[in-house]
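K.L.:
What follows is upload-v7.txt, compact mmCIF, C-alpha atoms.
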```txt
# COMPACT_ATOMS: atom_id res chain seq x y z
CA ASP A 278 -24.19 -14.29 -22.79
CA LEU A 279 -21.92 -14.86 -25.80
CA HIS A 280 -19.58 -17.00 -23.71
CA SER A 281 -22.35 -19.63 -23.66
CA PHE A 282 -22.10 -20.24 -27.40
CA PRO A 283 -19.69 -22.80 -28.82
CA THR A 284 -17.19 -21.99 -31.55
CA ARG A 285 -19.53 -22.18 -34.51
CA ARG A 286 -22.09 -20.16 -36.42
CA SER A 287 -24.97 -18.80 -34.39
CA SER A 288 -27.00 -17.66 -37.42
CA ASP A 289 -29.25 -14.79 -36.22
CA LEU A 290 -28.11 -13.10 -33.04
CA ALA A 291 -29.86 -10.39 -30.99
CA ILE A 292 -28.19 -8.50 -28.13
CA TYR A 293 -29.84 -6.00 -25.79
CA GLN A 294 -27.86 -3.98 -23.24
CA PRO A 295 -30.36 -2.58 -20.70
CA SER A 296 -27.77 -0.37 -18.98
CA THR A 297 -27.31 1.71 -22.15
CA GLY A 298 -30.59 1.06 -23.98
CA ARG A 299 -28.64 -0.19 -27.00
CA TYR A 300 -29.74 -3.14 -29.15
CA TRP A 301 -27.98 -5.05 -31.94
CA ASP A 302 -29.05 -7.64 -34.52
CA PHE A 303 -26.55 -9.74 -36.46
CA TRP A 304 -27.09 -12.01 -39.46
CA ARG A 305 -24.87 -15.07 -39.83
CA ALA A 306 -22.99 -14.28 -36.65
CA GLU A 307 -20.04 -16.59 -36.11
CA LYS A 308 -17.33 -17.01 -33.50
CA SER A 309 -13.90 -17.89 -34.82
CA THR A 310 -11.57 -20.44 -33.31
CA SER A 311 -9.69 -17.56 -31.69
CA GLY A 312 -12.87 -16.46 -29.90
CA HIS A 313 -13.67 -13.35 -31.95
CA TRP A 314 -17.16 -12.71 -33.28
CA GLY A 315 -18.06 -11.50 -36.75
CA ALA A 316 -21.19 -11.28 -38.89
CA CYS A 317 -22.25 -10.78 -42.50
CA TRP A 318 -24.72 -7.99 -41.68
CA GLY A 319 -26.57 -6.39 -38.81
CA GLY A 320 -27.50 -3.13 -37.20
CA GLU A 321 -27.79 -1.11 -34.01
CA ILE A 322 -30.75 0.66 -32.44
CA THR A 323 -29.98 3.24 -29.78
CA HIS A 324 -32.62 4.11 -27.16
CA TYR A 325 -34.23 0.74 -27.87
CA PRO A 326 -36.99 1.04 -25.21
CA GLN A 327 -38.30 4.13 -27.03
CA ASN A 328 -37.91 2.73 -30.54
CA PRO A 329 -41.11 1.55 -32.28
CA GLY A 330 -39.28 -1.56 -33.44
CA ILE A 331 -37.78 -0.68 -36.82
CA PHE A 332 -34.14 -0.48 -37.88
CA GLY A 333 -32.97 2.40 -40.00
CA TYR A 334 -32.77 1.45 -43.68
CA PRO A 335 -31.02 -0.83 -44.72
CA LEU A 336 -29.82 -2.25 -41.39
CA GLY A 337 -30.91 -5.26 -39.33
CA ALA A 338 -30.62 -9.02 -39.55
CA THR A 339 -34.00 -9.61 -41.19
CA ALA A 340 -34.93 -8.76 -44.77
CA THR A 341 -37.57 -6.34 -43.47
CA GLY A 342 -35.58 -4.12 -41.10
CA LEU A 343 -37.55 -5.47 -38.11
CA PRO A 344 -35.51 -6.40 -35.02
CA LEU A 345 -35.46 -10.01 -33.91
CA GLY A 346 -35.87 -8.94 -30.29
CA ALA A 347 -39.37 -7.63 -30.95
CA PHE A 348 -40.69 -11.04 -32.02
CA VAL A 349 -38.44 -13.87 -30.86
CA ILE A 350 -40.21 -16.23 -28.43
CA ARG A 351 -38.39 -16.26 -25.11
CA ILE A 352 -37.95 -19.25 -22.84
CA SER A 353 -39.11 -17.19 -19.86
CA GLU A 354 -42.39 -16.42 -21.64
CA LEU A 355 -43.03 -20.07 -22.38
CA GLN A 356 -42.33 -20.99 -18.78
CA LYS A 357 -44.86 -18.39 -17.62
CA GLY A 358 -47.41 -19.87 -20.01
CA TYR A 359 -48.11 -16.99 -22.40
CA ILE A 360 -46.56 -14.83 -25.13
CA ASP A 361 -47.62 -11.18 -24.96
CA HIS A 362 -46.45 -9.96 -28.36
CA ALA A 363 -46.67 -10.79 -32.05
CA VAL A 364 -44.53 -13.64 -33.32
CA ASN A 365 -42.65 -13.61 -36.59
CA LEU A 366 -43.36 -15.77 -39.59
CA ILE A 367 -40.79 -16.96 -42.11
CA THR A 368 -42.19 -18.45 -45.28
CA VAL A 369 -40.82 -19.89 -48.50
CA ARG A 370 -42.34 -17.36 -50.88
CA THR A 371 -42.91 -13.66 -50.32
CA ARG A 372 -44.25 -11.17 -52.83
CA ALA A 373 -41.67 -9.47 -55.01
CA ASN A 374 -41.28 -5.71 -54.68
CA CYS A 375 -43.79 -5.43 -51.86
CA HIS A 376 -43.45 -4.66 -48.19
CA SER A 377 -45.97 -3.57 -45.61
CA TRP A 378 -45.47 -1.40 -42.53
CA PRO A 379 -43.66 -1.91 -40.20
CA ALA A 380 -41.17 -3.31 -42.77
CA ASN A 381 -39.06 -0.74 -44.59
CA ARG A 382 -37.69 -3.09 -47.25
CA ASP A 383 -38.11 -6.63 -48.61
CA ASP A 384 -36.41 -9.37 -50.57
CA GLY A 385 -39.57 -10.86 -52.03
CA ASN A 386 -39.07 -13.47 -54.73
CA THR A 387 -42.49 -14.28 -56.22
CA ALA A 388 -45.03 -12.28 -58.22
CA GLY A 389 -48.73 -12.61 -57.43
CA ASP A 390 -51.43 -10.86 -55.45
CA ASP A 391 -52.03 -14.06 -53.46
CA ILE A 392 -48.45 -14.07 -52.10
CA PRO A 393 -47.86 -12.40 -48.71
CA CYS A 394 -45.76 -9.26 -48.53
CA GLU A 395 -42.92 -9.04 -46.06
CA GLY A 396 -44.01 -7.00 -43.06
CA GLN A 397 -47.65 -8.01 -43.53
CA ARG A 398 -49.51 -9.03 -40.40
CA PHE A 399 -51.70 -12.12 -40.14
CA ARG A 400 -53.82 -13.44 -37.34
CA LEU A 401 -55.01 -16.92 -36.55
CA ASN A 402 -58.80 -17.23 -36.75
CA PRO A 403 -60.00 -16.24 -33.25
CA SER A 404 -62.69 -18.93 -33.37
CA PHE A 405 -60.04 -21.67 -33.52
CA ASP A 406 -59.85 -23.49 -30.17
CA ALA A 407 -56.13 -23.59 -29.39
CA SER A 408 -56.73 -25.30 -26.04
CA HIS A 409 -57.10 -28.64 -27.87
CA LEU A 410 -53.53 -28.58 -29.23
CA TYR A 411 -51.24 -31.21 -27.78
CA SER A 412 -48.03 -29.16 -27.54
CA PRO A 413 -47.94 -26.52 -24.76
CA MET A 414 -45.73 -24.32 -26.94
CA ALA A 415 -48.09 -24.71 -29.89
CA ARG A 416 -50.98 -23.56 -27.69
CA MET A 417 -49.05 -20.46 -26.61
CA VAL A 418 -47.91 -19.60 -30.13
CA ALA A 419 -51.44 -20.06 -31.49
CA ARG A 420 -52.89 -17.80 -28.81
CA ALA A 421 -50.28 -15.10 -29.53
CA MET A 422 -51.19 -15.33 -33.22
CA GLN A 423 -54.83 -14.76 -32.32
CA VAL A 424 -54.27 -11.82 -29.96
CA TYR A 425 -51.22 -10.05 -31.43
CA GLY A 426 -50.75 -11.68 -34.82
CA ALA A 427 -47.84 -13.01 -36.84
CA ILE A 428 -45.70 -10.70 -38.96
CA VAL A 429 -43.86 -11.94 -42.05
CA THR A 430 -40.26 -10.92 -41.38
CA ASP A 431 -38.31 -12.95 -43.92
CA LYS A 432 -38.32 -15.81 -46.36
CA GLY A 433 -36.57 -19.14 -45.83
CA GLY A 434 -36.52 -22.80 -46.69
CA ALA A 435 -39.62 -23.65 -44.64
CA VAL A 436 -42.47 -22.01 -42.77
CA ALA A 437 -41.15 -21.21 -39.31
CA THR A 438 -41.16 -18.87 -36.34
CA GLN A 439 -38.15 -18.06 -34.19
CA ALA A 440 -37.48 -18.73 -30.52
CA GLN A 441 -34.62 -18.09 -28.13
CA ASP A 442 -31.50 -20.23 -28.51
CA PRO A 443 -31.42 -22.64 -25.54
CA ARG A 444 -27.62 -22.71 -25.12
CA PRO A 445 -27.26 -19.79 -22.67
CA TYR A 446 -30.13 -21.27 -20.62
CA GLU A 447 -28.46 -24.68 -20.65
CA ALA A 448 -25.18 -23.16 -19.48
CA SER A 449 -26.85 -21.76 -16.35
CA HIS A 450 -29.21 -24.69 -15.69
CA GLY A 451 -26.96 -27.71 -15.62
CA GLY A 452 -27.19 -28.46 -19.32
CA VAL A 453 -30.99 -28.85 -19.30
CA ASN A 454 -32.71 -27.89 -22.58
CA PRO A 455 -36.20 -26.55 -21.75
CA TYR A 456 -37.71 -27.05 -25.20
CA PRO A 457 -38.41 -30.82 -25.25
CA HIS A 458 -40.81 -30.47 -22.33
CA LEU A 459 -42.41 -27.31 -23.75
CA LEU A 460 -42.80 -28.76 -27.24
CA ASP A 461 -43.41 -32.43 -26.59
CA PRO A 462 -44.11 -33.29 -22.92
CA LYS A 463 -45.07 -36.91 -23.69
CA ASN A 464 -42.08 -37.48 -26.00
CA ARG A 465 -44.18 -38.37 -29.02
CA TYR A 466 -41.54 -36.97 -31.37
CA PRO A 467 -38.18 -37.89 -29.83
CA GLY A 468 -35.38 -35.81 -31.26
CA TYR A 469 -37.44 -33.90 -33.82
CA ALA A 470 -40.28 -32.20 -31.92
CA GLN A 471 -39.09 -28.75 -33.03
CA PHE A 472 -39.91 -29.70 -36.61
CA VAL A 473 -43.40 -31.10 -36.12
CA ALA A 474 -45.01 -29.83 -32.89
CA LEU A 475 -46.10 -26.51 -34.38
CA LYS A 476 -47.68 -28.26 -37.37
CA GLU A 477 -50.77 -28.52 -35.18
CA ILE A 478 -51.40 -24.82 -35.79
CA PRO A 479 -53.68 -24.61 -38.86
CA LEU A 480 -51.96 -22.16 -41.18
CA ASN A 481 -54.95 -22.40 -43.51
CA GLN A 482 -56.85 -20.46 -40.83
CA LEU A 483 -54.49 -17.49 -40.93
CA GLN A 484 -56.31 -14.29 -41.89
CA ALA A 485 -54.43 -11.56 -43.75
CA LEU A 486 -54.80 -8.07 -42.35
CA PRO A 487 -54.72 -5.06 -44.71
CA LEU A 488 -51.32 -3.89 -45.86
CA ASN A 489 -49.78 -1.30 -43.50
CA TYR A 490 -52.13 -2.37 -40.70
CA GLY A 491 -51.45 -0.34 -37.55
CA LYS A 492 -49.33 2.30 -39.26
CA PRO A 493 -49.66 5.65 -37.48
CA CYS A 494 -51.26 8.40 -39.53
CA ARG A 495 -48.95 11.10 -40.84
CA GLY A 496 -48.44 13.66 -38.10
CA SER A 497 -49.86 11.36 -35.43
CA ALA A 498 -48.29 11.63 -32.00
CA SER A 499 -48.86 7.94 -31.29
CA TYR A 500 -45.74 5.82 -30.86
CA LEU A 501 -46.55 2.17 -31.38
CA LEU A 502 -44.46 -0.82 -30.47
CA VAL A 503 -45.20 -2.94 -33.50
CA GLY A 504 -44.87 -6.26 -31.68
CA ASN A 505 -47.39 -5.32 -29.01
CA ILE A 506 -50.35 -4.08 -31.08
CA ARG A 507 -53.41 -5.98 -29.92
CA LEU A 508 -55.64 -6.87 -32.85
CA ARG A 509 -59.21 -5.79 -33.19
CA ALA A 510 -61.68 -8.60 -33.74
CA PRO A 511 -63.28 -8.09 -37.16
CA ALA A 512 -65.86 -10.57 -38.36
CA ASP A 513 -64.45 -13.96 -39.25
CA GLY A 514 -63.87 -14.74 -42.86
```
Please express what this file holds, its structure, as C-alpha cells.
P.N.:
Amino acid sequence: DLHSFPTRRSSDLAIYQPSTGRYWDFWRAEKSTSGHWGACWGGEITHYPQNPGIFGYPLGATATGLPLGAFVIRISELQKGYIDHAVNLITVRTRANCHSWPANRDDGNTAGDDIPCEGQRFRLNPSFDASHLYSPMARMVARAMQVYGAIVTDKGGAVATQAQDPRPYEASHGGVNPYPHLLDPKNRYPGYAQFVALKEIPLNQLQALPLNYGKPCRGSASYLLVGNIRLRAPADG
C-alpha cells in the first residue's frame, strides 16, 4: 500500500498486483511533496506467477535483472517461523564482467577468481547448527540459506540481505514494528539490532555453488522458479 509510505525516498520498491498478474520493481523510488511517485529505474513483469523470476534485459531494480519479490524476506514468513525460498545477498565486491544464471547482467567492480559473481548461488554449510543462534530471524535466514541458498543480486556498502519494509504493516497494526521482537527479543541491541543480529550467521561457512547452478538445459521443458530451487546436499567442503 503506497499510501502507507511517508513523503520520502523508499529506495527499492516491489509491487505485485494479483488481480492482473503484473509485477513491478523500482530503484530509488521516491514520493514527491505533491504525492506523486517516481523512480530512477525499474521494470515490469507480466504474467508474474508463470515467470521464472527474471526481468527482460536490462530492466529491474537490481543490477542482475532478478526481481526483489522473489527473494525479499516477508514479515508474514517470519511470523510463521520459516522462509521457504532463497534469500538475496548484497556484498561490497562482486566480480567484474561476470554473472551467473539466473542473472542476465552485472555491475561487478573487482577482478579476481575468488570474487563472487552476481547471480551466483551460495549455501550455508548444512552441518552448521542454526538452532543455537540467539536471534529468531537469524535462525530463519540461516535455515533458508541452507535449504534454498543465497543469491548475489547486487553490490552495496555492506553485506546485507533484504526484508519487507515495516511501514505498511505498522499502518495497519497500530504503529507496531514487528522487527525488534523478531531480531532481538531480549533487547540486547536497542535501536540497532538490524545491523548486528544477522552477524551471528557465519559467512565464512558459505559454500559457493557452480556458476549457472540450476539453469535449465537448452530445449528443456522445465520451468524453474529460481527462488524456490531446493539445493542438493553435496559433501561438505
K.L.:
Skipping near chain neighbours, those fewer than 3 positions away, what residues fall within 8 Å of Ile428 (chain A) using all atoms listed in the file, listed as JSON, numbers by chain?
P.N.:
{"A": [363, 364, 365, 366, 395, 396, 397, 398, 399]}
K.L.:
Go through A:Val349, A:Pro335, A:Arg400, A:Arg382 one by one, measure the shortest atom-to-atom distance of each to Pro487 (chain A) using all atoms listed in the file, and give the residue with the smallest value.
P.N.:
A:Arg400
K.L.:
Would you please work out which residue, of A:Gln294, A:Gln356, A:Gln423, A:Thr339, is nearest to Ala485 (chain A) when using all atoms listed in the file?
P.N.:
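For Ala485 (chain A), the nearest of the given residues is A:Gln423.
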K.L.:
Which distance in Å separates CA of Arg372 (chain A) and CA of Gly389 (chain A), to one decimal?
P.N.:
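These two atoms are separated by 6.6 Å.
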K.L.:
Ranking A:Ser449, A:Asn402, A:Asn464, A:Gln439 by minimum distance to Asn481 (chain A) and counting all atoms listed in the file, which one comes first?
P.N.:
A:Asn402
K.L.:
Could you give me, as a count of residues only, the residues within 12 Å of Arg305 (chain A), counting all atoms listed in the file and dropping anything in the same chain fewer than 5 positions from it?
P.N.:
16
K.L.:
Would you list the contacts of Glu321 (chain A) as a ChimeraX atom specification, taking every protein, DNA or RNA residue within 9 Å and counting only C-alpha atoms, but skipping same-chain residues closer than 4 positions in sequence?
P.N.:
/A:299-302,332-333,336-337
K.L.:
Find, counting only C-alpha atoms, the residue in A:Gly298, A:Arg370, A:Ala421, A:Leu401 that gets nearest to Gly434 (chain A).
P.N.:
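The answer is A:Arg370, which sits nearest to Gly434 (chain A).
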K.L.:
Could you tell me how far CA of Ala419 (chain A) lies from CA of Ala435 (chain A), in Å and to one decimal?
P.N.:
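Going from CA of Ala419 (chain A) over to CA of Ala435 (chain A) covers 18.0 Å.
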K.L.:
What gap, in Å, lies between CA of Gln471 (chain A) and CA of Pro379 (chain A)?
P.N.:
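Calculated distance between CA of Gln471 (chain A) and CA of Pro379 (chain A) is 28.2 Å.
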K.L.:
From the set A:Gly385, A:Pro443, A:Gly330, A:Pro295, which residue has the shortest atom-to-atom contact distance to Arg351 (chain A), counting only C-alpha atoms?
P.N.:
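Among the listed residues, A:Pro443 lies closest to Arg351 (chain A).
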K.L.:
Using the partial input, fill out region 320-331 of chain A with all heavy atoms; write the result as a PDB file, in the coordinates of the input.
P.N.:
```pdb
ATOM      1  N   GLY A 320     -27.112  -4.500 -37.446  1.00  0.00           N
ATOM      2  CA  GLY A 320     -27.500  -3.130 -37.200  1.00  0.00           C
ATOM      3  C   GLY A 320     -27.619  -2.840 -35.725  1.00  0.00           C
ATOM      4  O   GLY A 320     -27.675  -3.757 -34.897  1.00  0.00           O
ATOM      5  N   GLU A 321     -27.670  -1.555 -35.391  1.00  0.00           N
ATOM      6  CA  GLU A 321     -27.790  -1.110 -34.010  1.00  0.00           C
ATOM      7  C   GLU A 321     -28.973  -0.157 -33.885  1.00  0.00           C
ATOM      8  O   GLU A 321     -29.219   0.668 -34.772  1.00  0.00           O
ATOM      9  CB  GLU A 321     -26.519  -0.396 -33.555  1.00  0.00           C
ATOM     10  CG  GLU A 321     -26.601   0.154 -32.132  1.00  0.00           C
ATOM     11  CD  GLU A 321     -25.395   0.995 -31.744  1.00  0.00           C
ATOM     12  OE1 GLU A 321     -24.587   1.328 -32.642  1.00  0.00           O
ATOM     13  OE2 GLU A 321     -25.273   1.328 -30.557  1.00  0.00           O
ATOM     14  N   ILE A 322     -29.708  -0.289 -32.786  1.00  0.00           N
ATOM     15  CA  ILE A 322     -30.750   0.660 -32.440  1.00  0.00           C
ATOM     16  C   ILE A 322     -30.369   1.263 -31.088  1.00  0.00           C
ATOM     17  O   ILE A 322     -30.192   0.537 -30.106  1.00  0.00           O
ATOM     18  CB  ILE A 322     -32.135  -0.007 -32.330  1.00  0.00           C
ATOM     19  CG1 ILE A 322     -32.588  -0.533 -33.696  1.00  0.00           C
ATOM     20  CG2 ILE A 322     -33.170   0.982 -31.794  1.00  0.00           C
ATOM     21  CD1 ILE A 322     -33.916  -1.291 -33.652  1.00  0.00           C
ATOM     22  N   THR A 323     -30.207   2.571 -31.040  1.00  0.00           N
ATOM     23  CA  THR A 323     -29.980   3.240 -29.780  1.00  0.00           C
ATOM     24  C   THR A 323     -31.329   3.617 -29.169  1.00  0.00           C
ATOM     25  O   THR A 323     -32.340   3.727 -29.867  1.00  0.00           O
ATOM     26  CB  THR A 323     -29.122   4.503 -29.963  1.00  0.00           C
ATOM     27  OG1 THR A 323     -29.772   5.374 -30.899  1.00  0.00           O
ATOM     28  CG2 THR A 323     -27.746   4.134 -30.514  1.00  0.00           C
ATOM     29  N   HIS A 324     -31.361   3.792 -27.855  1.00  0.00           N
ATOM     30  CA  HIS A 324     -32.620   4.110 -27.160  1.00  0.00           C
ATOM     31  C   HIS A 324     -33.700   3.083 -27.515  1.00  0.00           C
ATOM     32  O   HIS A 324     -34.836   3.432 -27.858  1.00  0.00           O
ATOM     33  CB  HIS A 324     -33.096   5.528 -27.519  1.00  0.00           C
ATOM     34  CG  HIS A 324     -32.049   6.581 -27.338  1.00  0.00           C
ATOM     35  ND1 HIS A 324     -31.541   6.919 -26.099  1.00  0.00           N
ATOM     36  CD2 HIS A 324     -31.393   7.356 -28.241  1.00  0.00           C
ATOM     37  CE1 HIS A 324     -30.627   7.861 -26.240  1.00  0.00           C
ATOM     38  NE2 HIS A 324     -30.514   8.142 -27.531  1.00  0.00           N
ATOM     39  N   TYR A 325     -33.334   1.823 -27.440  1.00  0.00           N
ATOM     40  CA  TYR A 325     -34.230   0.740 -27.870  1.00  0.00           C
ATOM     41  C   TYR A 325     -35.588   0.750 -27.171  1.00  0.00           C
ATOM     42  O   TYR A 325     -36.611   0.503 -27.820  1.00  0.00           O
ATOM     43  CB  TYR A 325     -33.526  -0.602 -27.645  1.00  0.00           C
ATOM     44  CG  TYR A 325     -34.264  -1.810 -28.149  1.00  0.00           C
ATOM     45  CD1 TYR A 325     -34.541  -1.976 -29.504  1.00  0.00           C
ATOM     46  CD2 TYR A 325     -34.689  -2.807 -27.267  1.00  0.00           C
ATOM     47  CE1 TYR A 325     -35.216  -3.089 -29.972  1.00  0.00           C
ATOM     48  CE2 TYR A 325     -35.361  -3.928 -27.729  1.00  0.00           C
ATOM     49  CZ  TYR A 325     -35.629  -4.063 -29.076  1.00  0.00           C
ATOM     50  OH  TYR A 325     -36.296  -5.171 -29.532  1.00  0.00           O
ATOM     51  N   PRO A 326     -35.661   1.046 -25.855  1.00  0.00           N
ATOM     52  CA  PRO A 326     -36.990   1.040 -25.210  1.00  0.00           C
ATOM     53  C   PRO A 326     -37.963   2.059 -25.804  1.00  0.00           C
ATOM     54  O   PRO A 326     -39.173   1.900 -25.695  1.00  0.00           O
ATOM     55  CB  PRO A 326     -36.673   1.365 -23.748  1.00  0.00           C
ATOM     56  CG  PRO A 326     -35.268   0.932 -23.559  1.00  0.00           C
ATOM     57  CD  PRO A 326     -34.588   1.243 -24.862  1.00  0.00           C
ATOM     58  N   GLN A 327     -37.442   3.119 -26.432  1.00  0.00           N
ATOM     59  CA  GLN A 327     -38.300   4.130 -27.030  1.00  0.00           C
ATOM     60  C   GLN A 327     -38.483   3.952 -28.531  1.00  0.00           C
ATOM     61  O   GLN A 327     -39.216   4.704 -29.170  1.00  0.00           O
ATOM     62  CB  GLN A 327     -37.725   5.534 -26.772  1.00  0.00           C
ATOM     63  CG  GLN A 327     -37.807   5.997 -25.318  1.00  0.00           C
ATOM     64  CD  GLN A 327     -36.714   5.381 -24.459  1.00  0.00           C
ATOM     65  OE1 GLN A 327     -35.551   5.328 -24.870  1.00  0.00           O
ATOM     66  NE2 GLN A 327     -37.072   4.934 -23.277  1.00  0.00           N
ATOM     67  N   ASN A 328     -37.830   2.949 -29.104  1.00  0.00           N
ATOM     68  CA  ASN A 328     -37.910   2.730 -30.540  1.00  0.00           C
ATOM     69  C   ASN A 328     -39.182   1.953 -30.874  1.00  0.00           C
ATOM     70  O   ASN A 328     -39.534   1.010 -30.156  1.00  0.00           O
ATOM     71  CB  ASN A 328     -36.681   1.964 -31.028  1.00  0.00           C
ATOM     72  CG  ASN A 328     -36.591   1.864 -32.534  1.00  0.00           C
ATOM     73  OD1 ASN A 328     -37.289   1.060 -33.147  1.00  0.00           O
ATOM     74  ND2 ASN A 328     -35.746   2.670 -33.142  1.00  0.00           N
ATOM     75  N   PRO A 329     -39.901   2.299 -31.940  1.00  0.00           N
ATOM     76  CA  PRO A 329     -41.110   1.550 -32.280  1.00  0.00           C
ATOM     77  C   PRO A 329     -40.855   0.149 -32.781  1.00  0.00           C
ATOM     78  O   PRO A 329     -41.792  -0.621 -32.969  1.00  0.00           O
ATOM     79  CB  PRO A 329     -41.759   2.413 -33.366  1.00  0.00           C
ATOM     80  CG  PRO A 329     -40.624   3.152 -33.983  1.00  0.00           C
ATOM     81  CD  PRO A 329     -39.673   3.429 -32.856  1.00  0.00           C
ATOM     82  N   GLY A 330     -39.594  -0.207 -33.013  1.00  0.00           N
ATOM     83  CA  GLY A 330     -39.280  -1.560 -33.440  1.00  0.00           C
ATOM     84  C   GLY A 330     -38.928  -1.658 -34.913  1.00  0.00           C
ATOM     85  O   GLY A 330     -39.339  -2.607 -35.584  1.00  0.00           O
ATOM     86  N   ILE A 331     -38.154  -0.695 -35.406  1.00  0.00           N
ATOM     87  CA  ILE A 331     -37.780  -0.680 -36.820  1.00  0.00           C
ATOM     88  C   ILE A 331     -36.352  -0.175 -36.940  1.00  0.00           C
ATOM     89  O   ILE A 331     -36.028   0.898 -36.425  1.00  0.00           O
ATOM     90  CB  ILE A 331     -38.715   0.227 -37.653  1.00  0.00           C
ATOM     91  CG1 ILE A 331     -40.189  -0.135 -37.420  1.00  0.00           C
ATOM     92  CG2 ILE A 331     -38.375   0.135 -39.139  1.00  0.00           C
ATOM     93  CD1 ILE A 331     -41.163   0.856 -38.019  1.00  0.00           C
TER      94      ILE A 331
END
```
